[in-house]
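Visitor: I am sharing upload.cif, which consists of mmCIF, C-alpha atoms:
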```cif
data_structure
loop_
_atom_site.label_atom_id
_atom_site.label_comp_id
_atom_site.auth_asym_id
_atom_site.auth_seq_id
_atom_site.Cartn_x
_atom_site.Cartn_y
_atom_site.Cartn_z
CA MET A 285 -191.23 67.41 92.44
CA ASP A 286 -190.58 67.84 96.16
CA THR A 287 -193.51 70.08 97.02
CA LYS A 288 -192.13 70.84 100.49
CA GLU A 289 -189.29 72.68 98.77
CA ALA A 290 -191.08 73.87 95.64
CA ILE A 291 -194.19 75.61 97.00
CA PHE A 292 -193.98 79.01 98.64
CA MET A 293 -195.26 82.47 97.84
CA THR A 294 -192.78 85.08 96.60
CA ARG A 295 -190.82 86.21 99.64
CA GLY A 296 -190.17 89.62 101.13
CA ASP A 297 -192.35 92.71 101.27
CA GLY A 298 -191.27 94.49 98.08
CA GLU A 299 -193.56 95.50 95.24
CA ASN A 300 -193.32 92.06 93.58
CA SER A 301 -193.83 90.04 96.78
CA TYR A 302 -196.88 88.00 97.63
CA ALA A 303 -197.33 90.22 100.69
CA GLN A 304 -197.96 93.15 98.34
CA LEU A 305 -199.83 91.23 95.62
CA SER A 306 -202.23 89.05 97.62
CA CYS A 307 -205.25 91.22 96.80
CA LEU A 308 -207.33 88.23 95.69
CA THR A 309 -207.04 86.37 98.98
CA GLN A 310 -207.64 89.62 100.86
CA LYS A 311 -210.89 90.10 98.98
CA VAL A 312 -211.92 86.48 99.48
CA ASN A 313 -211.17 86.69 103.21
CA ALA A 314 -213.33 89.83 103.43
CA VAL A 315 -216.26 87.97 101.82
CA THR A 316 -215.86 84.94 104.12
CA LYS A 317 -215.23 86.99 107.28
CA PRO A 318 -218.81 86.51 108.61
CA LEU A 319 -218.39 82.73 108.45
CA LEU A 320 -215.17 82.92 110.48
CA GLU A 321 -216.85 85.22 113.01
CA ASN A 322 -219.75 82.78 113.38
CA ALA A 323 -217.33 79.89 113.89
CA VAL A 324 -215.52 81.82 116.63
CA ARG A 325 -218.79 82.71 118.36
CA SER A 326 -219.83 79.06 118.28
CA LEU A 327 -216.83 78.16 120.45
CA PHE A 328 -218.50 79.98 123.34
CA SER A 329 -221.74 78.02 123.00
CA LYS A 330 -219.67 74.84 123.21
CA GLY A 331 -218.01 75.97 126.45
CA PHE A 332 -214.43 76.00 125.19
CA HIS A 333 -213.85 79.47 126.67
CA VAL A 334 -213.95 78.08 130.22
CA HIS A 335 -210.56 76.45 129.67
CA GLY A 336 -209.03 79.93 129.60
CA VAL A 337 -207.16 79.38 126.31
CA LEU A 338 -208.42 79.02 122.75
CA ASN A 339 -206.01 77.39 120.29
CA ILE A 340 -206.34 78.47 116.66
CA ALA A 341 -204.33 77.24 113.67
CA ASP A 342 -204.01 79.11 110.37
CA LEU A 343 -202.82 76.54 107.83
CA GLY A 344 -200.95 77.78 104.78
CA CYS A 345 -200.67 81.24 106.31
CA ALA A 346 -198.06 82.63 103.84
CA ALA A 347 -196.92 86.15 104.81
CA GLY A 348 -198.62 89.52 104.67
CA PRO A 349 -201.97 91.13 105.40
CA ASN A 350 -204.05 87.95 105.10
CA ALA A 351 -202.57 86.34 108.20
CA PHE A 352 -202.96 89.65 110.04
CA SER A 353 -206.64 89.94 109.12
CA ILE A 354 -207.42 86.41 110.34
CA ILE A 355 -205.78 87.07 113.69
CA SER A 356 -207.60 90.41 114.03
CA THR A 357 -210.99 88.89 113.15
CA VAL A 358 -210.64 86.09 115.68
CA LYS A 359 -209.29 88.37 118.39
CA GLU A 360 -211.98 91.03 117.96
CA THR A 361 -214.78 88.46 117.83
CA VAL A 362 -213.55 86.73 120.99
CA GLU A 363 -213.32 90.04 122.83
CA MET A 364 -216.79 91.15 121.73
CA LYS A 365 -218.40 87.82 122.61
CA SER A 366 -216.68 87.74 126.01
CA GLN A 367 -217.92 91.26 126.76
CA GLU A 368 -221.44 90.38 125.60
CA LEU A 369 -221.57 87.33 127.91
CA ASN A 370 -219.72 89.07 130.74
CA TYR A 371 -216.99 86.39 130.63
CA GLN A 372 -213.30 86.81 131.20
CA THR A 373 -211.67 87.00 127.78
CA PRO A 374 -209.76 83.77 127.13
CA GLU A 375 -206.16 83.93 126.02
CA LEU A 376 -205.54 83.18 122.37
CA GLN A 377 -202.80 80.94 121.02
CA PHE A 378 -202.34 81.25 117.24
CA TYR A 379 -200.32 78.68 115.35
CA LEU A 380 -199.21 80.00 111.97
CA ASN A 381 -198.40 77.09 109.69
CA ASP A 382 -196.87 76.81 106.24
CA LEU A 383 -194.22 74.79 104.43
CA PRO A 384 -190.60 75.38 105.49
CA GLY A 385 -189.91 77.57 102.44
CA ASN A 386 -192.46 80.15 103.61
CA ASP A 387 -191.16 83.61 104.50
CA PHE A 388 -191.73 83.40 108.25
CA ASN A 389 -189.33 86.31 108.84
CA THR A 390 -191.52 88.72 106.89
CA LEU A 391 -194.62 87.22 108.51
CA PHE A 392 -193.46 87.80 112.07
CA ARG A 393 -191.93 91.20 111.38
CA GLY A 394 -195.41 92.38 110.47
CA LEU A 395 -197.07 90.99 113.60
CA SER A 396 -197.28 92.92 116.83
CA TYR A 397 -199.84 92.00 119.50
CA GLU A 398 -200.09 92.34 123.22
CA ASN A 399 -199.46 89.46 125.60
CA SER A 400 -203.08 88.27 125.54
CA CYS A 401 -202.41 86.94 122.04
CA PHE A 402 -199.65 84.37 121.65
CA LEU A 403 -198.10 83.49 118.29
CA ALA A 404 -196.05 80.55 117.12
CA GLY A 405 -194.73 79.56 113.71
CA VAL A 406 -195.24 75.92 112.77
CA PRO A 407 -193.39 74.82 109.61
CA GLY A 408 -194.63 71.59 108.06
CA SER A 409 -197.07 70.03 105.61
CA PHE A 410 -200.75 70.06 106.56
CA HIS A 411 -201.20 66.86 104.57
CA GLY A 412 -200.02 65.11 107.73
CA ARG A 413 -200.05 65.61 111.48
CA ILE A 414 -198.48 68.84 112.76
CA PHE A 415 -200.19 69.36 116.16
CA PRO A 416 -200.80 67.23 119.28
CA ARG A 417 -204.04 65.27 119.62
CA LYS A 418 -207.14 67.23 120.64
CA SER A 419 -205.22 70.49 120.97
CA LEU A 420 -207.03 72.80 118.51
CA HIS A 421 -210.38 74.52 118.90
CA LEU A 422 -210.46 76.23 115.51
CA VAL A 423 -208.68 75.59 112.21
CA HIS A 424 -208.63 78.13 109.42
CA SER A 425 -207.10 77.83 105.96
CA SER A 426 -207.37 80.28 103.09
CA TYR A 427 -206.33 79.46 99.52
CA SER A 428 -204.00 76.63 100.52
CA VAL A 429 -205.77 73.25 100.60
CA HIS A 430 -206.03 73.15 96.79
CA TRP A 431 -202.23 72.68 96.67
CA LEU A 432 -201.47 68.96 96.41
CA SER A 433 -198.87 66.97 98.31
CA GLN A 434 -197.34 65.84 95.02
CA VAL A 435 -197.82 65.90 91.28
CA PRO A 436 -200.57 63.33 90.54
CA LYS A 437 -199.41 59.81 89.78
CA GLY A 438 -200.13 58.33 86.36
CA LEU A 439 -199.33 61.31 84.12
CA THR A 440 -196.98 59.26 81.95
CA SER A 441 -197.67 56.17 79.85
CA ARG A 442 -196.05 52.78 80.42
CA GLU A 443 -193.53 53.79 77.79
CA GLY A 444 -192.69 56.95 79.74
CA LEU A 445 -194.47 59.33 77.38
CA ALA A 446 -196.17 62.45 78.76
CA LEU A 447 -199.96 62.10 78.82
CA ASN A 448 -200.50 65.82 79.33
CA LYS A 449 -198.30 66.97 76.46
CA GLY A 450 -198.11 70.74 76.00
CA ASN A 451 -199.98 71.44 79.24
CA ILE A 452 -198.91 72.03 82.83
CA TYR A 453 -202.38 71.54 84.34
CA ILE A 454 -205.81 70.36 83.19
CA SER A 455 -206.95 71.97 79.94
CA LYS A 456 -209.45 71.39 77.14
CA THR A 457 -206.90 69.12 75.42
CA THR A 458 -206.22 67.09 78.56
CA SER A 459 -207.21 63.43 78.39
CA PRO A 460 -209.77 61.90 80.78
CA LEU A 461 -206.94 59.86 82.33
CA VAL A 462 -205.12 63.03 83.37
CA ARG A 463 -208.29 64.63 84.73
CA GLU A 464 -209.01 61.50 86.77
CA ALA A 465 -205.44 61.43 88.08
CA TYR A 466 -205.78 64.99 89.36
CA LEU A 467 -209.12 64.30 91.04
CA THR A 468 -207.77 61.12 92.64
CA GLN A 469 -204.74 62.96 94.03
CA PHE A 470 -206.95 65.70 95.46
CA GLU A 471 -209.25 63.14 97.08
CA GLU A 472 -206.29 61.33 98.64
CA ASP A 473 -204.69 64.55 99.90
CA PHE A 474 -207.88 66.11 101.22
CA THR A 475 -208.77 62.86 102.96
CA MET A 476 -205.36 62.86 104.65
CA PHE A 477 -205.82 66.53 105.55
CA LEU A 478 -209.17 65.81 107.23
CA ARG A 479 -207.89 62.66 108.93
CA SER A 480 -204.95 64.58 110.38
CA ARG A 481 -207.18 67.43 111.58
CA SER A 482 -209.61 64.94 113.13
CA GLU A 483 -206.79 63.85 115.42
CA GLU A 484 -205.80 67.41 116.28
CA VAL A 485 -209.16 69.17 116.69
CA VAL A 486 -211.15 68.73 119.89
CA PRO A 487 -214.65 67.18 119.63
CA ASN A 488 -217.09 69.88 118.48
CA GLY A 489 -214.22 72.05 117.29
CA CYS A 490 -214.50 73.96 114.02
CA ALA A 491 -212.71 74.31 110.70
CA VAL A 492 -213.19 77.06 108.13
CA LEU A 493 -211.57 76.06 104.83
CA ILE A 494 -211.38 78.36 101.81
CA LEU A 495 -210.16 76.89 98.52
CA HIS A 496 -209.63 78.06 94.99
CA GLY A 497 -212.29 76.03 93.21
CA ARG A 498 -214.82 76.01 90.42
CA GLN A 499 -218.57 76.23 89.92
CA SER A 500 -218.63 74.33 86.64
CA PRO A 501 -218.77 70.52 86.72
CA ASP A 502 -216.07 70.60 84.03
CA PRO A 503 -212.54 70.52 85.57
CA SER A 504 -211.15 72.04 82.36
CA SER A 505 -213.40 75.10 82.50
CA LYS A 506 -211.70 78.43 81.97
CA GLU A 507 -212.70 79.67 85.43
CA CYS A 508 -210.22 77.34 87.10
CA CYS A 509 -207.60 76.63 84.43
CA ALA A 510 -206.92 79.99 82.79
CA THR A 511 -203.94 81.02 84.92
CA TRP A 512 -201.96 77.81 84.44
CA GLY A 513 -202.92 77.86 80.75
CA LEU A 514 -201.39 81.32 80.39
CA ILE A 515 -198.14 80.18 81.97
CA ALA A 516 -198.10 77.11 79.71
CA GLY A 517 -198.57 79.42 76.73
CA ALA A 518 -195.62 81.58 77.80
CA ILE A 519 -193.41 78.50 78.22
CA ALA A 520 -194.57 77.09 74.88
CA ALA A 521 -193.59 80.37 73.21
CA LEU A 522 -190.07 79.97 74.59
CA VAL A 523 -190.03 76.37 73.38
CA SER A 524 -190.81 77.62 69.85
CA GLU A 525 -187.91 80.07 70.18
CA GLY A 526 -185.55 77.26 71.14
CA LEU A 527 -184.96 78.57 74.66
CA ILE A 528 -186.65 75.65 76.44
CA GLU A 529 -186.72 72.01 75.36
CA GLU A 530 -190.14 70.66 74.48
CA GLU A 531 -189.59 67.64 76.75
CA LYS A 532 -189.04 70.02 79.66
CA LEU A 533 -192.50 71.51 79.14
CA ASP A 534 -194.15 68.13 78.65
CA SER A 535 -192.69 66.78 81.90
CA PHE A 536 -193.99 69.67 84.01
CA ASN A 537 -197.35 69.35 85.80
CA VAL A 538 -198.35 71.52 88.74
CA PRO A 539 -199.42 70.02 92.11
CA TYR A 540 -202.68 71.96 92.24
CA TYR A 541 -206.37 71.14 91.89
CA THR A 542 -209.44 73.38 91.82
CA PRO A 543 -212.33 71.30 93.17
CA SER A 544 -216.05 71.89 92.94
CA ALA A 545 -218.11 72.27 96.11
CA LYS A 546 -219.56 68.81 95.46
CA GLU A 547 -216.11 67.22 95.25
CA VAL A 548 -215.15 68.87 98.55
CA GLN A 549 -218.36 67.74 100.25
CA ASP A 550 -218.05 64.21 98.91
CA VAL A 551 -214.58 63.81 100.46
CA VAL A 552 -215.73 65.24 103.80
CA GLU A 553 -218.67 62.84 103.95
CA ARG A 554 -216.58 59.80 102.96
CA GLU A 555 -213.84 60.58 105.49
CA GLY A 556 -216.50 60.96 108.17
CA SER A 557 -214.77 62.86 110.99
CA PHE A 558 -216.48 66.20 110.34
CA ALA A 559 -220.02 67.36 109.68
CA VAL A 560 -220.59 70.02 107.02
CA GLU A 561 -222.15 73.07 108.69
CA HIS A 562 -221.97 75.27 105.59
CA ILE A 563 -220.66 74.97 102.05
CA ASP A 564 -220.88 77.42 99.20
CA SER A 565 -219.03 78.76 96.18
CA PHE A 566 -218.79 82.28 94.82
CA ALA A 567 -216.82 84.27 92.26
CA VAL A 568 -214.92 87.52 92.79
CA ARG A 569 -213.07 89.72 90.34
CA VAL A 570 -209.99 91.58 91.52
CA GLU A 571 -209.20 93.94 88.66
CA GLY A 572 -211.58 96.49 87.22
CA ASN A 573 -210.85 99.08 84.54
CA LEU A 574 -207.30 99.66 85.64
CA SER A 575 -204.33 101.04 83.77
CA ASN A 576 -201.55 98.55 83.01
CA ILE A 577 -203.93 95.72 83.84
CA GLY A 578 -201.86 93.17 81.89
CA GLU A 579 -198.69 93.96 83.83
CA LYS A 580 -200.52 93.88 87.16
CA PHE A 581 -202.18 90.58 86.33
CA ALA A 582 -198.82 89.07 85.37
CA LYS A 583 -197.24 90.24 88.64
CA ARG A 584 -200.06 88.73 90.67
CA ILE A 585 -199.70 85.41 88.85
CA ARG A 586 -195.95 85.39 89.39
CA ALA A 587 -196.28 85.99 93.12
CA PHE A 588 -197.91 82.61 93.75
CA THR A 589 -196.59 80.47 90.88
CA GLU A 590 -192.91 81.36 90.51
CA SER A 591 -191.48 79.00 93.13
CA THR A 592 -193.17 75.99 91.53
CA VAL A 593 -192.17 76.97 87.99
CA ALA A 594 -188.59 77.76 89.05
CA HIS A 595 -188.20 74.40 90.79
CA HIS A 596 -188.69 72.66 87.44
CA PHE A 597 -187.21 75.08 84.89
CA GLY A 598 -184.53 76.79 86.98
CA GLU A 599 -184.18 80.29 88.36
CA GLU A 600 -182.25 81.50 85.30
CA LEU A 601 -185.35 81.19 83.07
CA MET A 602 -187.80 82.96 85.35
CA ARG A 603 -187.29 86.42 83.90
CA LYS A 604 -187.80 85.11 80.36
CA ILE A 605 -190.91 83.10 81.25
CA TYR A 606 -192.65 85.87 83.15
CA ASP A 607 -191.55 88.58 80.71
CA LYS A 608 -193.15 86.47 77.98
CA LEU A 609 -196.29 86.08 80.10
CA THR A 610 -196.45 89.85 80.64
CA LYS A 611 -196.00 90.48 76.93
CA LEU A 612 -198.83 88.08 76.05
CA LEU A 613 -201.16 89.77 78.55
CA VAL A 614 -200.25 93.31 77.49
CA GLU A 615 -200.46 92.69 73.74
CA ASP A 616 -203.72 90.74 73.80
CA SER A 617 -206.38 92.91 75.45
CA SER A 618 -208.91 90.08 75.13
CA ILE A 619 -207.05 88.13 77.83
CA GLN A 620 -208.30 89.24 81.22
CA ALA A 621 -208.26 87.80 84.70
CA GLU A 622 -211.16 85.41 85.05
CA PRO A 623 -213.35 85.92 88.13
CA ALA A 624 -211.78 83.72 90.80
CA VAL A 625 -214.10 81.01 92.08
CA THR A 626 -213.86 80.20 95.76
CA VAL A 627 -215.25 77.18 97.60
CA VAL A 628 -215.76 77.74 101.33
CA VAL A 629 -216.73 75.01 103.76
CA VAL A 630 -217.36 75.23 107.51
CA LEU A 631 -216.88 71.94 109.36
CA ASN A 632 -217.74 70.76 112.84
CA LYS A 633 -215.72 67.94 114.42
CA LYS A 634 -218.00 65.09 115.35
CA LEU A 635 -218.12 63.90 118.96
#
```
Before anything else, please render the file you have as C-alpha cells.
Guide:
Amino acid sequence: MDTKEAIFMTRGDGENSYAQLSCLTQKVNAVTKPLLENAVRSLFSKGFHVHGVLNIADLGCAAGPNAFSIISTVKETVEMKSQELNYQTPELQFYLNDLPGNDFNTLFRGLSYENSCFLAGVPGSFHGRIFPRKSLHLVHSSYSVHWLSQVPKGLTSREGLALNKGNIYISKTTSPLVREAYLTQFEEDFTMFLRSRSEEVVPNGCAVLILHGRQSPDPSSKECCATWGLIAGAIAALVSEGLIEEEKLDSFNVPYYTPSAKEVQDVVEREGSFAVEHIDSFAVRVEGNLSNIGEKFAKRIRAFTESTVAHHFGEELMRKIYDKLTKLLVEDSSIQAEPAVTVVVVLNKKL
C-alpha cells in the first residue's frame, strides 16, 4: 500500500466529510488546549519572540475546524503573552502539513486571517524531512502520528500466507508475531519522525503531539481495536455473501498503530533528541444518548477510514462495505463507540 496516496480524510465540507465529522479530534483538542497554550507561552521565556517571527507547524492538519482551532489558540496566546510582557507581538508563520491527498482547497477556503498571521500549505510525509534545518519554534500534531509510513513488514509467512487472517488490524485472534510487527513499525516510524523534527526544530523548541493510543498494556484491547474490528466484521459479512474474495480480506492490513504512553516515551528516550516535559493519557467519549447513534457512529468511522479501505478494495465496494457497517451498528444496540484513548506528549528540543 502506498500510504502517501491511500491516507486522507474524506474531502469536502458536506455532511459526510471529515470537516463535518471530526468531533472526536475537536473534543481532544479542547482537552489538550492548556498544554498547547503553555508550550506557546514557554517560547517567550526562551527568547524566541525577539526574532520577530515565530514559525509553527501543524503536522497532519487535515481540513476543517481542528486546524482553525490550533491557529486561533496559538495566535490568541501569543497576543496575550505579548501584551502581558509589553512586547511587540511577533508575526506568526503557520505551516499546515499533510499528505498530498489532503483536501487543501477546503482547508484554505475556511481560513481567513489578517496579515500578522501567515499561512502556507506543505504537502509531504512527516516521516521524513519537510522543513529547513532549525526553522521551527513549535510543532503540533493532533491524531496523525499513529498513522504508519507503511503496512508493517512480516505479516505474511515464508510461503506467502497471511498471518493476520480475517483481521485488518490487531485483534484478540492476532498472533504475537503480528503484534510485534506492528510495534516494530511504529517504533521505526516514530523514531524517524523525531529524528526529522530534531533537524527542523530550533534548540529549546517545543513539540505537542497528540495520538490515538491506549491505556491498557494489551495492544489488542477493545479500547484501541474496536473500530478496525467493526470494519473487518463488515467486510467479512460481504465475504460470506460472495461479494468480496476471502483472500482480499486476508491481504488487507491497515497502516495504523495505537501506542501506550510508555511505548511513546520509550521511543522518545531512545531517539534522544527531545526531553519529555509532559506525558499523559486520557479517555473521552463523543456520543451520549443520541438518536440514530449507530448511523452517526458509522459516518464518523467512514470519514477517517474510507480512503485506506478504498485503496485496497476499490471505490465501487465502498457503499456496500459502509452500508453493511451501518447495518451492524444499527441492528446491534450493544455495539457502541468505545471511549477514545488519547496519548499526549509535550517535548522540548535538547540544546
Visitor: Name every residue that the PyMOL selection byres ((chain A and resi 528-535) around 8) selects in this structure, writing the answer as JSON, numbers by chain with chains first and numbers rising.
Guide: {"A": [446, 448, 449, 450, 451, 452, 516, 519, 520, 522, 523, 525, 526, 527, 536, 537, 597]}
Visitor: Which residues, named as in the file, does the PyMOL selection byres ((chain A and resi 313) around 10) pick out? Answer as a VMD selection string.
Guide: chain A and resid 307 to 312 314 to 320 350 to 351 353 to 354 426 to 427 494
Visitor: Take the PyMOL selection byres ((chain A and resi 326-343) around 7), apply it to the structure above, and return the hits as a VMD selection string.
Guide: chain A and resid 322 to 325 344 to 345 374 to 382 410 419 to 425
Visitor: Convert the current residue selection to file output with C-alpha atoms, as a PDB file, in the frame of the given file.
Guide:
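Final output, selection29.pdb:
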```pdb
ATOM      1  CA  ASN A 322    -219.750  82.780 113.380  1.00  0.00           C
ATOM      2  CA  ALA A 323    -217.330  79.890 113.890  1.00  0.00           C
ATOM      3  CA  VAL A 324    -215.520  81.820 116.630  1.00  0.00           C
ATOM      4  CA  ARG A 325    -218.790  82.710 118.360  1.00  0.00           C
ATOM      5  CA  GLY A 344    -200.950  77.780 104.780  1.00  0.00           C
ATOM      6  CA  CYS A 345    -200.670  81.240 106.310  1.00  0.00           C
ATOM      7  CA  PRO A 374    -209.760  83.770 127.130  1.00  0.00           C
ATOM      8  CA  GLU A 375    -206.160  83.930 126.020  1.00  0.00           C
ATOM      9  CA  LEU A 376    -205.540  83.180 122.370  1.00  0.00           C
ATOM     10  CA  GLN A 377    -202.800  80.940 121.020  1.00  0.00           C
ATOM     11  CA  PHE A 378    -202.340  81.250 117.240  1.00  0.00           C
ATOM     12  CA  TYR A 379    -200.320  78.680 115.350  1.00  0.00           C
ATOM     13  CA  LEU A 380    -199.210  80.000 111.970  1.00  0.00           C
ATOM     14  CA  ASN A 381    -198.400  77.090 109.690  1.00  0.00           C
ATOM     15  CA  ASP A 382    -196.870  76.810 106.240  1.00  0.00           C
ATOM     16  CA  PHE A 410    -200.750  70.060 106.560  1.00  0.00           C
ATOM     17  CA  SER A 419    -205.220  70.490 120.970  1.00  0.00           C
ATOM     18  CA  LEU A 420    -207.030  72.800 118.510  1.00  0.00           C
ATOM     19  CA  HIS A 421    -210.380  74.520 118.900  1.00  0.00           C
ATOM     20  CA  LEU A 422    -210.460  76.230 115.510  1.00  0.00           C
ATOM     21  CA  VAL A 423    -208.680  75.590 112.210  1.00  0.00           C
ATOM     22  CA  HIS A 424    -208.630  78.130 109.420  1.00  0.00           C
ATOM     23  CA  SER A 425    -207.100  77.830 105.960  1.00  0.00           C
TER      24      SER A 425
END
```
Visitor: Write out, as a Markdown table, each residue of segment 573-630 of chain A that has an atom at most 10 Å from segment 287-296 of chain A, together with the closest pair of atoms and their distance in Å to one decimal, counting all atoms listed in the file, rows going by chain and rising number.
Guide:
```
| residue | atom | partner | partner_atom | distance |
| --- | --- | --- | --- | --- |
| A:Arg586 | CA | A:Thr294 | CA | 7.9 |
| A:Ala587 | CA | A:Thr294 | CA | 5.0 |
| A:Phe588 | CA | A:Met293 | CA | 4.9 |
| A:Thr589 | CA | A:Met293 | CA | 7.4 |
| A:Glu590 | CA | A:Thr294 | CA | 7.1 |
| A:Ser591 | CA | A:Ala290 | CA | 5.7 |
| A:Thr592 | CA | A:Ala290 | CA | 5.1 |
| A:Val593 | CA | A:Ala290 | CA | 8.3 |
| A:Ala594 | CA | A:Ala290 | CA | 8.0 |
| A:His595 | CA | A:Ala290 | CA | 5.7 |
| A:His596 | CA | A:Ala290 | CA | 8.6 |
```
Visitor: Dump C-alpha atoms for the selected residues as a CSV table (one decimal), keeping the file's coordinate frame?
Guide:
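As a result, result00.csv now contains:
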```csv
chain,number,residue,atom,x,y,z
A,586,ARG,CA,-196.0,85.4,89.4
A,587,ALA,CA,-196.3,86.0,93.1
A,588,PHE,CA,-197.9,82.6,93.8
A,589,THR,CA,-196.6,80.5,90.9
A,590,GLU,CA,-192.9,81.4,90.5
A,591,SER,CA,-191.5,79.0,93.1
A,592,THR,CA,-193.2,76.0,91.5
A,593,VAL,CA,-192.2,77.0,88.0
A,594,ALA,CA,-188.6,77.8,89.0
A,595,HIS,CA,-188.2,74.4,90.8
A,596,HIS,CA,-188.7,72.7,87.4
```
Visitor: Using all atoms listed in the file, list the residues that have an atom at most 8 Å from (-188.9, 74.2, 106.5), coordinates as in the file, as a short mmCIF file (atom, residue, chain, number, x, y, z; two decimals) with C-alpha atoms, keeping the file's coordinate frame.
Guide:
```cif
data_model
loop_
_atom_site.label_atom_id
_atom_site.label_comp_id
_atom_site.auth_asym_id
_atom_site.auth_seq_id
_atom_site.Cartn_x
_atom_site.Cartn_y
_atom_site.Cartn_z
CA LYS A 288 -192.13 70.84 100.49
CA GLU A 289 -189.29 72.68 98.77
CA LEU A 383 -194.22 74.79 104.43
CA PRO A 384 -190.60 75.38 105.49
CA GLY A 385 -189.91 77.57 102.44
CA ASN A 386 -192.46 80.15 103.61
CA PRO A 407 -193.39 74.82 109.61
CA GLY A 408 -194.63 71.59 108.06
#
```
Visitor: Have a look at A:Ile585, A:Pro349, A:Glu507, A:Thr440 and name the one nearest to Arg393 of chain A; count all atoms listed in the file.
Guide: A:Pro349
Visitor: In Å, how far is it from atom CA of Val625 of chain A to atom CA of Ala559 of chain A?
Guide: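 So the answer is 23.0 Å.
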Visitor: Nearest residue to Gly497 of chain A out of A:Ser480, A:Ser428, A:Ser441, A:Thr475, using all atoms listed in the file?
Guide: A:Ser428
Visitor: For a test of reading the model, state the distance in Å between atom CA of Val630 of chain A and atom CA of Phe402 of chain A, rounded to one decimal.
Guide: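 Atom CA of Phe402 of chain A lies at a distance of 24.4 Å from atom CA of Val630 of chain A.
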Visitor: Within 8 Å of (-208.1, 68.0, 115.9) in the file's own coordinates, which protein, DNA or RNA residues have an atom, counting only C-alpha atoms? List them as a PyMOL selection string.
Guide: chain A and resi 417-421+480-487+489+633
Visitor: Please measure the separation of atom CA of Leu305 of chain A and atom CA of Ile577 of chain A, giving the value in Å to one decimal.
Guide: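 Calculated distance between atom CA of Leu305 of chain A and atom CA of Ile577 of chain A is 13.3 Å.
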Visitor: At a cut-off of 7 Å, using all atoms listed in the file, what residues contact segment 389-391 of chain A? Leave out same-chain residues fewer than 4 positions from it and give the result as an MDAnalysis selection string.
Guide: chainID A and resid 296:297 347:348 395
Visitor: Go ahead and dump the residues you just picked, C-alpha atoms, as a PDB file, keeping the file's coordinate frame.
Guide:
```
ATOM      1  CA  GLY A 296    -190.170  89.620 101.130  1.00  0.00           C
ATOM      2  CA  ASP A 297    -192.350  92.710 101.270  1.00  0.00           C
ATOM      3  CA  ALA A 347    -196.920  86.150 104.810  1.00  0.00           C
ATOM      4  CA  GLY A 348    -198.620  89.520 104.670  1.00  0.00           C
ATOM      5  CA  LEU A 395    -197.070  90.990 113.600  1.00  0.00           C
TER       6      LEU A 395
END
```
Visitor: Start from the incomplete input, build N, CA and C atoms for segment 468-483 of chain A, and deliver everything as a PDB file, in the coordinates of the input.
Guide:
```
ATOM      1  N   THR A 468    -208.174  62.155  91.680  1.00  0.00           N
ATOM      2  CA  THR A 468    -207.770  61.120  92.640  1.00  0.00           C
ATOM      3  C   THR A 468    -206.748  61.640  93.629  1.00  0.00           C
ATOM      4  N   GLN A 469    -205.762  62.411  93.130  1.00  0.00           N
ATOM      5  CA  GLN A 469    -204.740  62.960  94.030  1.00  0.00           C
ATOM      6  C   GLN A 469    -205.362  63.938  95.013  1.00  0.00           C
ATOM      7  N   PHE A 470    -206.291  64.769  94.541  1.00  0.00           N
ATOM      8  CA  PHE A 470    -206.950  65.700  95.460  1.00  0.00           C
ATOM      9  C   PHE A 470    -207.733  64.935  96.525  1.00  0.00           C
ATOM     10  N   GLU A 471    -208.461  63.915  96.120  1.00  0.00           N
ATOM     11  CA  GLU A 471    -209.250  63.140  97.080  1.00  0.00           C
ATOM     12  C   GLU A 471    -208.353  62.482  98.124  1.00  0.00           C
ATOM     13  N   GLU A 472    -207.220  61.947  97.689  1.00  0.00           N
ATOM     14  CA  GLU A 472    -206.290  61.330  98.640  1.00  0.00           C
ATOM     15  C   GLU A 472    -205.724  62.368  99.599  1.00  0.00           C
ATOM     16  N   ASP A 473    -205.308  63.509  99.063  1.00  0.00           N
ATOM     17  CA  ASP A 473    -204.690  64.550  99.900  1.00  0.00           C
ATOM     18  C   ASP A 473    -205.691  65.188 100.848  1.00  0.00           C
ATOM     19  N   PHE A 474    -206.889  65.475 100.354  1.00  0.00           N
ATOM     20  CA  PHE A 474    -207.880  66.110 101.220  1.00  0.00           C
ATOM     21  C   PHE A 474    -208.357  65.150 102.293  1.00  0.00           C
ATOM     22  N   THR A 475    -208.432  63.869 101.951  1.00  0.00           N
ATOM     23  CA  THR A 475    -208.770  62.860 102.960  1.00  0.00           C
ATOM     24  C   THR A 475    -207.708  62.828 104.052  1.00  0.00           C
ATOM     25  N   MET A 476    -206.440  62.851 103.664  1.00  0.00           N
ATOM     26  CA  MET A 476    -205.360  62.860 104.650  1.00  0.00           C
ATOM     27  C   MET A 476    -205.384  64.140 105.476  1.00  0.00           C
ATOM     28  N   PHE A 477    -205.693  65.256 104.842  1.00  0.00           N
ATOM     29  CA  PHE A 477    -205.820  66.530 105.550  1.00  0.00           C
ATOM     30  C   PHE A 477    -206.889  66.416 106.637  1.00  0.00           C
ATOM     31  N   LEU A 478    -208.068  65.923 106.281  1.00  0.00           N
ATOM     32  CA  LEU A 478    -209.170  65.810 107.230  1.00  0.00           C
ATOM     33  C   LEU A 478    -208.851  64.792 108.329  1.00  0.00           C
ATOM     34  N   ARG A 479    -208.232  63.696 107.951  1.00  0.00           N
ATOM     35  CA  ARG A 479    -207.890  62.660 108.930  1.00  0.00           C
ATOM     36  C   ARG A 479    -206.891  63.203 109.957  1.00  0.00           C
ATOM     37  N   SER A 480    -205.929  63.987 109.472  1.00  0.00           N
ATOM     38  CA  SER A 480    -204.950  64.580 110.380  1.00  0.00           C
ATOM     39  C   SER A 480    -205.604  65.596 111.310  1.00  0.00           C
ATOM     40  N   ARG A 481    -206.486  66.431 110.751  1.00  0.00           N
ATOM     41  CA  ARG A 481    -207.180  67.430 111.580  1.00  0.00           C
ATOM     42  C   ARG A 481    -208.118  66.755 112.574  1.00  0.00           C
ATOM     43  N   SER A 482    -208.686  65.618 112.204  1.00  0.00           N
ATOM     44  CA  SER A 482    -209.610  64.940 113.130  1.00  0.00           C
ATOM     45  C   SER A 482    -208.889  64.484 114.389  1.00  0.00           C
ATOM     46  N   GLU A 483    -207.582  64.206 114.248  1.00  0.00           N
ATOM     47  CA  GLU A 483    -206.790  63.850 115.420  1.00  0.00           C
ATOM     48  C   GLU A 483    -206.471  65.076 116.269  1.00  0.00           C
TER      49      GLU A 483
END
```
